[in-house]
Amino acid sequence: MKIRRLVFLVMLFTLSPVITQAQVAPATTGGGGNFKLALGAGFSPFKTDYLPQWMYGVSAYWDLDFRRWLGVEVEGRTVQWNTIGNIREDTIGGGPRVRIAHIGRFVPYAKVITGIGSIDFKAPPSAPHYTHDTFFYWAIGGGSDYRLTQHVYLRGEYQYQWWDEWPPRGLNPRGFTIGANYRF
């Protein structure tokens with residue numbers, strides 16, 4: 001039930017620009033560059049598509065916004081808790097991130113990430129020493145940052161990944177990240 005509430009909140013924050021009217025924001029005044037950097041970390045419950053249960057991990061990311069609505073994100077995640085044996089998924093990747101609109105203190109966004117995914121797993125009977133592999137992956141995600149102070153934001157997001165090279169049909173890990181970031 002808690003997962004359904006979390007999915008509902010993430011979807012609400014992501015889709016809220018569609019159901020609200022646009023506002024014109026005042027132009028910035030004063031000095032300063034166009035680049036805005038944010039560093040953050042979070043807790044990540046993920047459904048790995050390799051095991052039936054949810055696994056848990058941590059993530060770290062940085063966002064660099066170079067236009068009002070456009071930027072890049074680089075993220076790393078390790079998902080390794082709540083397993084039996086040595087099961088684990090790690091990812092590191094980056095890609096474009098688009099902020100959709102500011103709605104009060106909420107800043108919804110969408111992103112596309114590509115990178116490298118690494119997985120540790122139980123050895124199959126046909127290859128007893130084959131317990132680790134690394135694959136290219138890509139993902140789409142979206143969520144919202146919530147401004148607590150001028151520099152501190154809370155983040156909630158959902159991400160769906162495609163690991164197309166995993167035999168025989170690929171893997172599709174998916175999950176959430178709940179965390180915080182500091183904007184410089």
# chains A, B, ... in the order shown; residues from 1 in each chain; ligands from 1

call {"tool": "residues_around", "arguments": {"residues": "Val107 of chain A", "least_positions_apart": "3", "cutoff": "9 Å", "atoms": "only C-alpha atoms", "output": "MDAnalysis selection string"}}
result
chainID A and resid 13:14 99:104 143:147

call {"tool": "select_by_dssp", "arguments": {"residues": "segment 32-178 of chain A", "states": "strand (DSSP E)", "output": "count of residues only"}}
result
95

call {"tool": "atom_distance", "arguments": {"atom1": "atom CA of Val98 of chain A", "atom2": "atom CA of Gly40 of chain A"}}
result
17.1 Å

call {"tool": "atom_distance", "arguments": {"atom1": "atom CA of Ile119 of chain A", "atom2": "atom CA of Gly142 of chain A"}}
result
23.7 Å

call {"tool": "residues_around", "arguments": {"residues": "Trp162 of chain A", "least_positions_apart": "2", "cutoff": "8 Å", "atoms": "only C-alpha atoms", "output": "number ranges by chain"}}
result
A: 137-139, 160, 164, 170-173

call {"tool": "write_last_selection", "arguments": {"atoms": "N, CA and C atoms", "output": "short mmCIF file (atom, residue, chain, number, x, y, z; two decimals), in the first residue's frame"}}
result
data_model
loop_
_atom_site.label_atom_id
_atom_site.label_comp_id
_atom_site.auth_asym_id
_atom_site.auth_seq_id
_atom_site.Cartn_x
_atom_site.Cartn_y
_atom_site.Cartn_z
N TYR A 137 23.22 -0.15 -20.33
CA TYR A 137 21.80 0.00 -20.02
C TYR A 137 21.35 1.41 -20.40
N TRP A 138 20.06 1.58 -20.50
CA TRP A 138 19.49 2.92 -20.64
C TRP A 138 18.22 2.97 -19.81
N ALA A 139 17.83 4.17 -19.44
CA ALA A 139 16.70 4.32 -18.52
C ALA A 139 15.97 5.63 -18.79
N TYR A 160 12.89 3.56 -14.74
CA TYR A 160 12.70 2.26 -15.41
C TYR A 160 13.89 2.04 -16.32
N ASP A 164 19.27 -4.61 -22.21
CA ASP A 164 18.86 -5.44 -23.35
C ASP A 164 19.78 -6.63 -23.60
N GLY A 170 16.75 -9.95 -21.61
CA GLY A 170 17.07 -8.66 -21.02
C GLY A 170 16.50 -8.54 -19.62
N LEU A 171 16.94 -7.52 -18.90
CA LEU A 171 16.42 -7.21 -17.57
C LEU A 171 15.77 -5.83 -17.61
N ASN A 172 14.77 -5.64 -16.79
CA ASN A 172 14.10 -4.35 -16.68
C ASN A 172 13.96 -3.93 -15.22
N PRO A 173 15.07 -3.57 -14.57
CA PRO A 173 14.97 -3.07 -13.19
C PRO A 173 14.17 -1.77 -13.14
#

call {"tool": "residues_around", "arguments": {"residues": "segment 68-83 of chain A", "least_positions_apart": "4", "cutoff": "9 Å", "atoms": "only C-alpha atoms", "output": "VMD selection string"}}
result
chain A and resid 34 to 36 44 to 46 48 51 53 to 64 87 to 101 109 111 to 113

call {"tool": "write_last_selection", "arguments": {"atoms": "C-alpha atoms", "output": "PDB file, in the first residue's frame"}}
result
ATOM      1  CA  ASN A  34      24.085  30.323 -16.067  1.00  0.00           C
ATOM      2  CA  PHE A  35      25.361  27.057 -14.583  1.00  0.00           C
ATOM      3  CA  LYS A  36      23.702  25.603 -11.473  1.00  0.00           C
ATOM      4  CA  SER A  44      16.696   3.449  -3.556  1.00  0.00           C
ATOM      5  CA  PRO A  45      14.225   0.560  -3.296  1.00  0.00           C
ATOM      6  CA  PHE A  46      14.394  -1.330  -6.619  1.00  0.00           C
ATOM      7  CA  THR A  48      15.723  -5.843 -10.010  1.00  0.00           C
ATOM      8  CA  LEU A  51      14.791 -11.644  -7.960  1.00  0.00           C
ATOM      9  CA  GLN A  53      11.560  -9.386  -3.927  1.00  0.00           C
ATOM     10  CA  TRP A  54      12.449  -5.708  -3.665  1.00  0.00           C
ATOM     11  CA  MET A  55      16.100  -4.902  -3.051  1.00  0.00           C
ATOM     12  CA  TYR A  56      17.410  -1.765  -1.392  1.00  0.00           C
ATOM     13  CA  GLY A  57      20.406   0.430  -1.984  1.00  0.00           C
ATOM     14  CA  VAL A  58      21.817   3.928  -2.121  1.00  0.00           C
ATOM     15  CA  SER A  59      22.424   6.389  -4.916  1.00  0.00           C
ATOM     16  CA  ALA A  60      24.474   9.523  -5.467  1.00  0.00           C
ATOM     17  CA  TYR A  61      24.026  12.074  -8.252  1.00  0.00           C
ATOM     18  CA  TRP A  62      24.944  15.477  -9.539  1.00  0.00           C
ATOM     19  CA  ASP A  63      22.861  17.741 -11.736  1.00  0.00           C
ATOM     20  CA  LEU A  64      24.323  20.526 -13.823  1.00  0.00           C
ATOM     21  CA  ILE A  87      23.035 -10.721  -5.543  1.00  0.00           C
ATOM     22  CA  ARG A  88      23.669  -7.078  -6.401  1.00  0.00           C
ATOM     23  CA  GLU A  89      23.123  -4.505  -9.174  1.00  0.00           C
ATOM     24  CA  ASP A  90      25.263  -1.413  -9.637  1.00  0.00           C
ATOM     25  CA  THR A  91      24.801   1.301 -12.253  1.00  0.00           C
ATOM     26  CA  ILE A  92      26.598   4.448 -13.288  1.00  0.00           C
ATOM     27  CA  GLY A  93      25.373   6.653 -16.093  1.00  0.00           C
ATOM     28  CA  GLY A  94      24.375  10.062 -17.283  1.00  0.00           C
ATOM     29  CA  GLY A  95      22.199  11.952 -19.697  1.00  0.00           C
ATOM     30  CA  PRO A  96      19.926  14.923 -20.324  1.00  0.00           C
ATOM     31  CA  ARG A  97      17.459  16.180 -17.725  1.00  0.00           C
ATOM     32  CA  VAL A  98      14.579  18.559 -18.442  1.00  0.00           C
ATOM     33  CA  ARG A  99      12.868  20.533 -15.695  1.00  0.00           C
ATOM     34  CA  ILE A 100       9.230  20.776 -16.674  1.00  0.00           C
ATOM     35  CA  ALA A 101       7.982  23.747 -14.638  1.00  0.00           C
ATOM     36  CA  TYR A 109      11.673  16.870 -14.155  1.00  0.00           C
ATOM     37  CA  LYS A 111      15.440  12.418 -17.684  1.00  0.00           C
ATOM     38  CA  VAL A 112      17.040   9.842 -19.978  1.00  0.00           C
ATOM     39  CA  ILE A 113      20.114   8.017 -18.654  1.00  0.00           C
TER      40      ILE A 113
END

call {"tool": "residues_around", "arguments": {"residues": "Phe121 of chain A", "least_positions_apart": "5", "cutoff": "9 Å", "atoms": "only C-alpha atoms", "output": "MDAnalysis selection string"}}
result
chainID A and resid 50 85:89 130:133

call {"tool": "closest_residue", "arguments": {"among": "A:Phe176, A:Tyr158, A:Phe43, A:Trp163", "to": "Gly141 of chain A", "atoms": "only C-alpha atoms"}}
result
A:Tyr158
